[in-house]
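Chemist: Following this line is model-v1.csv, made up of CSV, C-alpha atoms and all ligand atoms:
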```
chain,number,residue,atom,x,y,z
A,242,LEU,CA,31.2,-48.9,31.9
A,243,ARG,CA,28.8,-46.7,33.8
A,244,SER,CA,29.6,-45.2,37.2
A,245,ALA,CA,27.5,-46.2,40.2
A,246,GLU,CA,26.3,-42.6,40.3
A,247,GLU,CA,25.0,-42.8,36.7
A,248,MET,CA,23.3,-46.1,37.4
A,249,GLN,CA,21.6,-44.5,40.4
A,250,LEU,CA,20.4,-41.6,38.3
A,251,GLN,CA,19.1,-44.0,35.6
A,252,ALA,CA,17.2,-46.0,38.2
A,253,ARG,CA,15.7,-42.9,39.7
A,254,PHE,CA,14.7,-41.7,36.1
A,255,ASP,CA,13.1,-45.1,35.4
A,256,GLU,CA,11.1,-44.9,38.6
A,257,ARG,CA,9.8,-41.5,37.8
A,258,ILE,CA,8.8,-42.6,34.3
A,259,ASP,CA,7.0,-45.6,35.8
A,260,ALA,CA,5.2,-43.4,38.3
A,261,GLY,CA,4.0,-41.2,35.4
A,262,ASP,CA,6.0,-38.2,36.6
A,263,PHE,CA,6.9,-35.4,34.2
A,264,ILE,CA,10.6,-34.8,33.4
A,265,GLU,CA,11.7,-31.1,33.2
A,266,ALA,CA,14.6,-29.6,31.2
A,267,LYS,CA,16.9,-29.3,34.2
A,268,ASP,CA,16.3,-32.9,35.3
A,269,TRP,CA,18.8,-35.7,34.6
A,270,MET,CA,17.8,-37.9,31.6
A,271,PRO,CA,19.5,-40.6,29.6
A,272,ASP,CA,21.2,-39.5,26.4
A,273,ASN,CA,19.0,-41.5,24.2
A,274,TYR,CA,15.8,-40.0,25.8
A,275,ARG,CA,17.2,-36.6,25.0
A,276,LYS,CA,18.2,-37.6,21.5
A,277,THR,CA,14.8,-39.2,20.7
A,278,LEU,CA,12.9,-36.1,22.0
A,279,THR,CA,15.1,-33.7,20.1
A,280,ARG,CA,14.5,-35.8,16.9
A,281,GLN,CA,10.7,-36.0,17.4
A,282,ILE,CA,10.1,-32.4,18.6
A,283,SER,CA,12.3,-30.9,15.9
A,284,GLN,CA,10.7,-33.0,13.2
A,285,HIS,CA,7.4,-31.9,14.5
A,286,ALA,CA,8.5,-28.2,14.4
A,287,HIS,CA,9.7,-28.6,10.9
A,288,SER,CA,6.4,-30.2,9.9
A,289,GLU,CA,4.5,-27.1,11.2
A,290,ILE,CA,6.7,-24.7,9.3
A,291,VAL,CA,6.8,-26.7,6.0
A,292,GLY,CA,3.0,-27.2,6.5
A,293,MET,CA,2.5,-23.5,6.0
A,294,LEU,CA,3.5,-23.8,2.4
A,295,PRO,CA,0.7,-25.9,0.7
A,296,GLU,CA,-2.0,-23.8,2.3
A,297,GLY,CA,-0.1,-20.5,2.1
A,298,ASN,CA,-0.4,-21.1,-1.6
A,299,TRP,CA,-4.1,-20.4,-1.5
A,300,ILE,CA,-4.3,-17.3,0.8
A,301,GLY,CA,-4.4,-15.1,-2.3
A,302,ARG,CA,-7.0,-17.2,-4.0
A,303,ALA,CA,-9.5,-17.9,-1.2
A,304,PRO,CA,-13.1,-17.6,-2.5
A,305,THR,CA,-14.4,-15.1,0.1
A,306,LEU,CA,-13.1,-12.6,2.6
A,307,LYS,CA,-14.3,-14.9,5.4
A,308,ARG,CA,-12.4,-17.9,4.1
A,309,LYS,CA,-9.4,-15.8,3.5
A,310,ALA,CA,-9.4,-14.5,7.1
A,311,ILE,CA,-9.8,-18.0,8.5
A,312,LEU,CA,-7.0,-19.4,6.3
A,313,LEU,CA,-4.6,-16.6,7.2
A,314,ALA,CA,-5.2,-17.2,10.9
A,315,LYS,CA,-4.7,-20.9,10.5
A,316,VAL,CA,-1.4,-20.5,8.6
A,317,GLN,CA,-0.2,-18.0,11.2
A,318,ASP,CA,-1.1,-20.5,13.9
A,319,GLU,CA,1.1,-23.1,12.2
A,320,GLY,CA,4.0,-20.7,12.3
A,321,GLY,CA,3.4,-20.2,16.0
A,322,HIS,CA,3.3,-23.9,16.6
A,323,GLY,CA,6.6,-24.3,14.9
A,324,LEU,CA,8.1,-21.6,17.1
A,325,TYR,CA,6.8,-23.1,20.4
A,326,LEU,CA,8.1,-26.5,19.3
A,327,TYR,CA,11.6,-25.2,18.4
A,328,ALA,CA,11.6,-23.5,21.8
A,329,ALA,CA,10.7,-26.9,23.5
A,330,ALA,CA,13.4,-28.7,21.4
A,331,GLU,CA,16.0,-26.1,22.4
A,332,THR,CA,15.5,-26.9,26.1
A,333,LEU,CA,17.2,-30.2,25.3
A,334,GLY,CA,20.4,-28.5,24.3
A,335,GLN,CA,20.6,-28.0,20.6
A,336,SER,CA,20.3,-24.4,19.2
A,337,ARG,CA,17.6,-23.3,16.8
A,338,ASP,CA,20.3,-22.7,14.2
A,339,GLN,CA,21.4,-26.4,14.5
A,340,LEU,CA,17.9,-27.6,14.3
A,341,LEU,CA,17.1,-25.5,11.2
A,342,ASP,CA,20.3,-26.6,9.6
A,343,GLY,CA,19.1,-30.1,9.8
A,344,LEU,CA,15.9,-29.2,7.9
A,345,HIS,CA,17.7,-27.0,5.3
A,346,SER,CA,20.4,-29.6,4.6
A,347,GLY,CA,17.8,-32.3,4.1
A,348,ARG,CA,19.1,-34.4,7.0
A,349,ALA,CA,16.0,-33.9,9.2
A,350,LYS,CA,12.6,-35.3,8.4
A,351,TYR,CA,9.3,-33.5,8.4
A,352,SER,CA,5.8,-35.0,7.9
A,353,SER,CA,5.3,-36.8,4.6
A,354,ILE,CA,1.9,-35.2,4.1
A,355,PHE,CA,3.3,-31.8,3.2
A,356,ASN,CA,4.9,-33.1,0.1
A,357,TYR,CA,1.6,-33.4,-1.8
A,358,PRO,CA,0.3,-30.5,-3.9
A,359,THR,CA,-2.8,-28.4,-3.2
A,360,LEU,CA,-4.5,-28.4,-6.6
A,361,THR,CA,-7.9,-26.9,-5.9
A,362,TRP,CA,-9.7,-24.9,-3.2
A,363,ALA,CA,-11.3,-28.1,-2.0
A,364,ASP,CA,-7.8,-29.3,-1.0
A,365,ILE,CA,-7.7,-26.6,1.6
A,366,GLY,CA,-11.0,-27.9,3.2
A,367,VAL,CA,-9.7,-31.5,3.0
A,368,ILE,CA,-6.4,-30.6,4.6
A,369,GLY,CA,-8.3,-29.1,7.6
A,370,TRP,CA,-10.7,-32.1,7.8
A,371,LEU,CA,-8.3,-35.0,7.2
A,372,VAL,CA,-4.7,-33.7,7.8
A,373,ASP,CA,-5.5,-31.6,10.8
A,374,GLY,CA,-7.9,-34.3,12.0
A,375,ALA,CA,-5.1,-36.9,11.8
A,376,ALA,CA,-2.7,-34.4,13.5
A,377,ILE,CA,-5.1,-33.9,16.4
A,378,MET,CA,-5.5,-37.7,16.9
A,379,ASN,CA,-1.7,-38.0,17.0
A,380,GLN,CA,-1.1,-34.9,19.2
A,381,VAL,CA,-3.7,-35.1,22.0
A,382,PRO,CA,-1.8,-38.1,23.6
A,383,ILE,CA,1.4,-36.0,23.4
A,384,CYS,CA,-0.2,-33.5,25.8
A,385,ARG,CA,0.6,-36.3,28.3
A,386,CYS,CA,4.2,-36.9,27.0
A,387,SER,CA,6.7,-37.5,29.8
A,388,TYR,CA,8.8,-34.5,28.8
A,389,ALA,CA,7.0,-31.6,30.3
A,390,PRO,CA,8.0,-28.7,28.0
A,391,TYR,CA,6.7,-30.7,25.0
A,392,ALA,CA,3.5,-31.7,26.8
A,393,ARG,CA,2.9,-28.1,27.8
A,394,ALA,CA,3.4,-26.8,24.2
A,395,MET,CA,1.0,-29.4,22.9
A,396,ILE,CA,-1.9,-28.2,25.0
A,397,ARG,CA,-2.2,-24.9,23.2
A,398,ILE,CA,-1.3,-26.5,19.9
A,399,CYS,CA,-4.2,-29.0,20.1
A,400,ARG,CA,-6.7,-26.3,20.9
A,401,GLU,CA,-5.7,-24.4,17.8
A,402,GLU,CA,-5.6,-27.6,15.7
A,403,SER,CA,-9.2,-28.3,16.6
A,404,PHE,CA,-10.2,-24.9,15.1
A,405,HIS,CA,-8.2,-25.9,12.0
A,406,GLN,CA,-10.1,-29.2,11.7
A,407,ARG,CA,-13.5,-27.6,12.2
A,408,GLN,CA,-12.9,-24.8,9.6
A,409,GLY,CA,-11.9,-27.5,7.0
A,410,TYR,CA,-15.0,-29.6,7.8
A,411,ASP,CA,-17.2,-26.5,7.6
A,412,ALA,CA,-15.8,-25.4,4.2
A,413,LEU,CA,-16.4,-28.9,2.8
A,414,LEU,CA,-19.9,-29.1,4.3
A,415,VAL,CA,-20.9,-25.8,2.7
A,416,MET,CA,-19.6,-27.1,-0.7
A,417,MET,CA,-21.3,-30.4,-0.3
A,418,THR,CA,-24.7,-29.1,0.8
A,419,LYS,CA,-24.9,-25.8,-1.1
A,420,GLY,CA,-22.4,-26.2,-3.9
A,421,THR,CA,-22.8,-27.0,-7.6
A,422,GLU,CA,-22.2,-30.4,-9.0
A,423,ALA,CA,-18.8,-29.3,-10.1
A,424,GLN,CA,-17.9,-28.2,-6.6
A,425,LYS,CA,-19.1,-31.5,-5.1
A,426,ALA,CA,-17.0,-33.3,-7.7
A,427,MET,CA,-14.0,-31.1,-6.7
A,428,VAL,CA,-14.4,-32.1,-3.0
A,429,GLN,CA,-14.6,-35.8,-3.9
A,430,ASP,CA,-11.5,-35.5,-6.1
A,431,ALA,CA,-9.6,-33.9,-3.3
A,432,VAL,CA,-10.6,-36.6,-0.8
A,433,ASN,CA,-9.5,-39.2,-3.3
A,434,ARG,CA,-6.1,-37.7,-3.4
A,435,TRP,CA,-5.6,-37.0,0.3
A,436,TRP,CA,-7.1,-40.0,2.0
A,437,TRP,CA,-4.3,-42.5,1.7
A,438,PRO,CA,-1.5,-39.9,2.4
A,439,SER,CA,-3.5,-38.8,5.5
A,440,ILE,CA,-3.6,-42.3,7.0
A,441,MET,CA,0.1,-42.7,6.2
A,442,MET,CA,0.8,-39.7,8.5
A,443,PHE,CA,0.6,-41.9,11.6
A,444,GLY,CA,3.9,-43.6,10.5
A,445,PRO,CA,4.8,-47.1,9.6
A,446,PRO,CA,2.9,-50.1,11.0
A,447,ASP,CA,3.9,-50.9,14.6
A,448,ASP,CA,5.9,-54.0,13.6
A,449,GLN,CA,8.0,-51.8,11.2
A,450,SER,CA,8.4,-48.8,13.5
A,451,PRO,CA,11.9,-48.8,15.0
A,452,ASN,CA,11.2,-46.2,17.6
A,453,THR,CA,7.7,-47.1,19.0
A,454,ALA,CA,8.6,-49.6,21.7
A,455,GLN,CA,11.3,-47.5,23.3
A,456,SER,CA,9.2,-44.3,23.0
A,457,MET,CA,6.2,-45.9,24.6
A,458,ARG,CA,8.4,-47.3,27.4
A,459,TRP,CA,9.6,-43.7,28.0
A,460,GLY,CA,6.1,-42.2,27.9
A,461,ILE,CA,7.0,-40.1,24.9
A,462,LYS,CA,4.5,-41.9,22.7
A,463,ARG,CA,1.3,-42.9,24.6
A,464,VAL,CA,-0.5,-44.6,21.7
A,465,SER,CA,1.1,-46.6,18.9
A,466,ASN,CA,1.0,-45.7,15.2
A,467,ASP,CA,-1.5,-48.4,14.2
A,468,ASP,CA,-3.8,-47.8,17.1
A,469,LEU,CA,-4.0,-44.0,16.3
A,470,ARG,CA,-4.5,-44.8,12.6
A,471,GLN,CA,-7.4,-47.1,13.5
A,472,LYS,CA,-8.9,-44.6,15.8
A,473,PHE,CA,-8.7,-41.9,13.1
A,474,ILE,CA,-10.4,-44.2,10.5
A,475,ASP,CA,-13.1,-45.1,12.9
A,476,ALA,CA,-13.9,-41.5,13.6
A,477,THR,CA,-13.7,-40.4,10.0
A,478,VAL,CA,-16.0,-42.9,8.3
A,479,ASP,CA,-19.1,-41.3,10.0
A,480,GLN,CA,-18.0,-37.8,9.2
A,481,ALA,CA,-17.6,-38.8,5.5
A,482,LYS,CA,-21.2,-40.1,5.6
A,483,VAL,CA,-22.5,-36.7,6.9
A,484,LEU,CA,-20.5,-34.9,4.2
A,485,GLY,CA,-21.9,-37.3,1.5
A,486,ILE,CA,-18.5,-38.2,0.1
A,487,THR,CA,-17.0,-41.7,-0.5
A,488,LEU,CA,-13.7,-42.6,1.0
A,489,PRO,CA,-11.6,-44.1,-1.8
A,490,ASP,CA,-11.1,-47.6,-0.2
A,491,PRO,CA,-13.3,-50.4,-1.4
A,492,ASP,CA,-12.2,-52.6,1.5
A,493,LEU,CA,-13.5,-50.3,4.2
A,494,LYS,CA,-15.9,-52.5,6.1
A,495,TRP,CA,-17.3,-52.5,9.6
A,496,ASN,CA,-15.9,-55.5,11.5
A,497,GLU,CA,-18.4,-56.4,14.3
A,498,ALA,CA,-16.0,-58.8,16.0
A,499,ARG,CA,-13.2,-56.2,16.3
A,500,GLY,CA,-15.5,-53.3,16.8
A,501,HIS,CA,-13.5,-51.3,14.2
A,502,TRP,CA,-13.5,-50.5,10.5
A,503,ASP,CA,-11.4,-52.8,8.4
A,504,PHE,CA,-9.5,-51.0,5.7
A,505,GLY,CA,-7.4,-51.8,2.6
A,506,VAL,CA,-3.7,-52.3,2.1
A,507,ILE,CA,-1.6,-49.1,2.5
A,508,ASP,CA,1.1,-48.5,-0.2
A,509,TRP,CA,4.1,-48.3,2.2
A,510,ALA,CA,6.5,-48.1,-0.8
A,511,GLU,CA,4.9,-44.7,-1.7
A,512,PHE,CA,5.2,-43.6,2.0
A,513,TRP,CA,9.0,-44.4,2.1
A,514,ARG,CA,9.5,-42.8,-1.3
A,515,VAL,CA,8.0,-39.6,0.0
A,516,VAL,CA,9.8,-39.8,3.4
A,517,GLY,CA,13.1,-40.4,1.5
A,518,GLY,CA,12.7,-37.1,-0.5
A,519,ASP,CA,11.1,-38.3,-3.7
A,520,GLY,CA,7.5,-37.2,-3.3
A,521,PRO,CA,5.5,-34.9,-5.6
A,522,CYS,CA,6.7,-31.7,-3.9
A,523,ASN,CA,9.7,-32.5,-1.7
A,524,ARG,CA,12.2,-30.5,-3.7
A,525,GLU,CA,9.9,-27.5,-4.1
A,526,ARG,CA,9.0,-27.4,-0.4
A,527,LEU,CA,12.7,-27.6,0.8
A,528,ALA,CA,13.8,-25.0,-1.8
A,529,MET,CA,11.1,-22.6,-0.6
A,530,ARG,CA,12.2,-23.0,3.0
A,531,VAL,CA,15.9,-22.5,2.2
A,532,GLN,CA,15.0,-19.4,0.1
A,533,ALA,CA,12.8,-18.0,3.0
A,534,TRP,CA,15.8,-18.6,5.4
A,535,GLU,CA,18.2,-16.8,3.1
A,536,ASP,CA,15.8,-13.9,2.4
A,537,GLY,CA,15.3,-13.4,6.1
A,538,GLU,CA,19.0,-13.0,6.9
A,539,TRP,CA,18.9,-9.2,7.0
A,540,VAL,CA,16.0,-9.4,9.5
A,541,ARG,CA,17.9,-11.7,11.8
A,542,GLU,CA,21.0,-9.4,11.6
A,543,ALA,CA,18.9,-6.3,12.3
A,544,ALA,CA,17.2,-8.0,15.3
A,545,LEU,CA,20.6,-9.0,16.7
A,546,ALA,CA,22.1,-5.5,16.2
A,547,HIS,CA,19.0,-4.0,17.9
A,548,ALA,CA,19.4,-6.5,20.8
A,549,ARG,CA,23.1,-5.7,21.2
A,550,LYS,CA,22.3,-2.0,21.5
A,551,HIS,CA,20.0,-2.7,24.4
A,552,SER,CA,21.9,-5.5,26.1
A,553,PRO,CA,25.7,-5.9,25.9
A,554,ASP,CA,25.2,-9.6,26.7
A,555,ALA,CA,23.2,-10.4,23.6
A,556,PRO,CA,24.7,-13.0,21.2
A,557,THR,CA,27.1,-11.6,18.6
B,601,LIG,N1,6.4,-38.4,7.7
B,601,LIG,C1,7.8,-38.4,7.7
B,601,LIG,N2,8.5,-39.3,8.4
B,601,LIG,C2,7.8,-40.2,9.2
B,601,LIG,C3,6.4,-40.2,9.3
B,601,LIG,C4,5.7,-39.3,8.5
B,601,LIG,N3,4.4,-39.3,8.4
B,601,LIG,N4,6.1,-41.2,10.1
B,601,LIG,C5,7.2,-41.8,10.6
B,601,LIG,N5,8.3,-41.1,10.0
B,601,LIG,C6,9.7,-41.5,10.2
B,601,LIG,C7,10.1,-41.3,11.7
B,601,LIG,O1,10.4,-40.0,11.9
B,601,LIG,C8,11.2,-42.3,11.8
B,601,LIG,O2,12.4,-41.7,11.2
B,601,LIG,P1,13.7,-41.3,12.1
B,601,LIG,O3,13.9,-42.4,13.0
B,601,LIG,O4,14.8,-41.1,11.1
B,601,LIG,O5,13.3,-40.1,12.8
B,601,LIG,C9,10.8,-43.4,10.9
B,601,LIG,O6,9.9,-42.8,10.0
B,601,LIG,C10,10.2,-44.6,11.6
B,601,LIG,O7,9.0,-44.2,12.2
B,601,LIG,P2,8.7,-44.5,13.8
B,601,LIG,O8,9.7,-45.4,14.3
B,601,LIG,O9,7.2,-44.8,13.9
B,601,LIG,O10,9.0,-43.0,14.4
B,601,LIG,P3,8.4,-42.3,15.6
B,601,LIG,O11,8.3,-43.1,16.8
B,601,LIG,O12,9.0,-41.0,15.7
B,601,LIG,O13,6.8,-42.0,15.2
B,601,LIG,C11,5.5,-40.1,14.5
B,601,LIG,C12,6.5,-41.1,14.1
B,601,LIG,C13,4.2,-40.8,14.9
B,601,LIG,C14,5.2,-39.1,13.4
B,601,LIG,C15,6.0,-39.4,15.8
B,601,LIG,O14,7.3,-38.9,15.6
B,601,LIG,C16,5.1,-38.3,16.3
B,601,LIG,O15,4.1,-38.5,16.9
B,601,LIG,N6,5.6,-37.0,16.1
B,601,LIG,C17,4.9,-35.8,16.6
B,601,LIG,C18,3.8,-35.4,15.7
B,601,LIG,C19,4.3,-34.8,14.4
B,601,LIG,O16,5.4,-34.7,14.1
B,601,LIG,N7,3.3,-34.4,13.5
B,601,LIG,C20,3.7,-33.8,12.3
B,601,LIG,C21,2.6,-33.7,11.4
B,601,LIG,S1,1.2,-32.9,12.0
B,601,LIG,C22,1.2,-31.3,11.6
B,601,LIG,O17,2.2,-30.7,11.6
B,601,LIG,C23,-0.1,-30.6,11.2
```
Could you render the structure from this file as structure tokens?

Modeler:
Amino acid sequence: LRSAEEMQLQARFDERIDAGDFIEAKDWMPDNYRKTLTRQISQHAHSEIVGMLPEGNWIGRAPTLKRKAILLAKVQDEGGHGLYLYAAAETLGQSRDQLLDGLHSGRAKYSSIFNYPTLTWADIGVIGWLVDGAAIMNQVPICRCSYAPYARAMIRICREESFHQRQGYDALLVMMTKGTEAQKAMVQDAVNRWWWPSIMMFGPPDDQSPNTAQSMRWGIKRVSNDDLRQKFIDATVDQAKVLGITLPDPDLKWNEARGHWDFGVIDWAEFWRVVGGDGPCNRERLAMRVQAWEDGEWVREAALAHARKHSPDAPT
């Protein structure tokens, strides 16, 4: 049974949500709101950090100095996004060590997309165009998330993501307009492999998404998984035409009545397999993160020892 005071706090919280107010870390919030946000923000942070791996793999093999500098900056941005997001998640009460333990033990999820391999240089362009393009579509509405520390972090993240999308599109455009036949075929092959996983990134269909209704009620999610997926597909079809590539879906067809592109059936069994840990690179990605965490132990110890020297209140 809840106390009268708690019911009053709940009513006040609901009113603020309905009025479109932002909730700050120090404000009262229901336990489930806190839990949902910790889950989503920490999964988002893990995705940024694991997302450094597929592309980091190509920094040493970028074809020109310019492409290498761009890729290096992009991968560093992703590290930064992970750090802002861990900081935003920490405002809800869990420590960074607890959040990272969730990732390293395999309990916490991260985006399915980062469990696919980067086989050629064209994959790097396609990740920018499709994966970062999908990420922006999903993340712009989060700039209006009801939890203010998350919304604030997303503003800078979205600005950087749009640079990521543009650099990928530019790399593909150069290959498609100035490249050899082999380079064009390499781009088409990468698009064929990344298209379906990219549209799965938005999550399960709305009628199979256990969290959407409540998250939308709380203003954590502003647009549903299916609506974002449709918006992304609608925007991407024309970009594919400009690039001169074919999206690997024979059912893509303009639907005049809906005012949207119809698309084929998504293989949700594959999505759940990858989310469940059995995608092409899940084991490799997690092993790399755990290894990086263990290798970094001496750095964390040294940083703490240094902090203790300068402030007796620093954590031991
Ligand atoms: N990869 C892995 N897991 C996913 C994915 C995905 N692409 N989509 C959904 N899921 C998981 C959800 O986390 C949820 O699992 P959980 O309840 O154990 O946490 C389950 O599938 C059911 O999905 P939903 O009920 O739709 O979950 P939710 O309301 O959280 O929506 C979404 C999922 C859209 C990914 C949401 O959490 C979100 O917008 N997150 C922030 C953005 C983000 O994390 N982006 C990461 C990739 S972009 C990048 O890093 C470049």

Chemist: Name the residues in contact with Ile290 of chain A at a cut-off of 12 Å, using all atoms listed in the file, excluding same-chain residues fewer than 4 positions from it; report them as a ChimeraX atom specification.

Modeler: /A:283-286,294-297,316-327,341,344-345,351-352,355,526-527,529-531,533-534

Chemist: Between atom CA of Trp513 of chain A and atom CA of Asp492 of chain A, what is the spacing in Å?

Modeler: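 Value for the atom CA of Asp492 of chain A-atom CA of Trp513 of chain A distance: 22.7 Å.
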
Chemist: May I ask you to write as a PyMOL selection string all residues lying at most 6 Å from ligand LIG 601 (chain B), with only C-alpha atoms and all ligand atoms counted?

Modeler: chain A and resi 281+284-285+288-289+350-353+373+376+379+441-445+450-453+466+516

Chemist: Wanna dump the segment 444-468 of chain A-segment 495-506 of chain A contacts at 12 Å for me, each residue with its shortest atom pair and the distance in Å to one decimal, counting all atoms listed in the file, ordered by chain and number, as a Markdown table?

Modeler:
```
| residue | atom | partner | partner_atom | distance |
| --- | --- | --- | --- | --- |
| A:Pro446 | CA | A:Val506 | CA | 11.3 |
| A:Asp467 | CA | A:Phe504 | CA | 12.0 |
| A:Asp468 | CA | A:His501 | CA | 10.7 |
```

Chemist: Using only C-alpha atoms, can you tell me which of A:Met293, A:Ala546, A:Leu413, A:Met457 comes closest to Ala426 of chain A?

Modeler: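 Closest residue, counting only C-alpha atoms: A:Leu413.
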
Chemist: Find the residues near Ile258 of chain A: any atom within 8 Å, counting all atoms listed in the file, skip ones fewer than 4 places away on the same chain, and give them as a ChimeraX atom specification.

Modeler: /A:254,262-263,387,459-460

Chemist: Would you mind listing what lies within 12 Å of Ala303 of chain A as a list in words, with all atoms listed in the file counted and same-chain residues fewer than 3 positions away left out?

Modeler: Glu296, Gly297, Asn298, Trp299, Ile300, Leu306, Lys307, Arg308, Lys309, Ala310, Ile311, Leu312, Leu313, Thr361, Trp362, Ala363, Asp364, Ile365, Gly366 and Ala412 of chain A
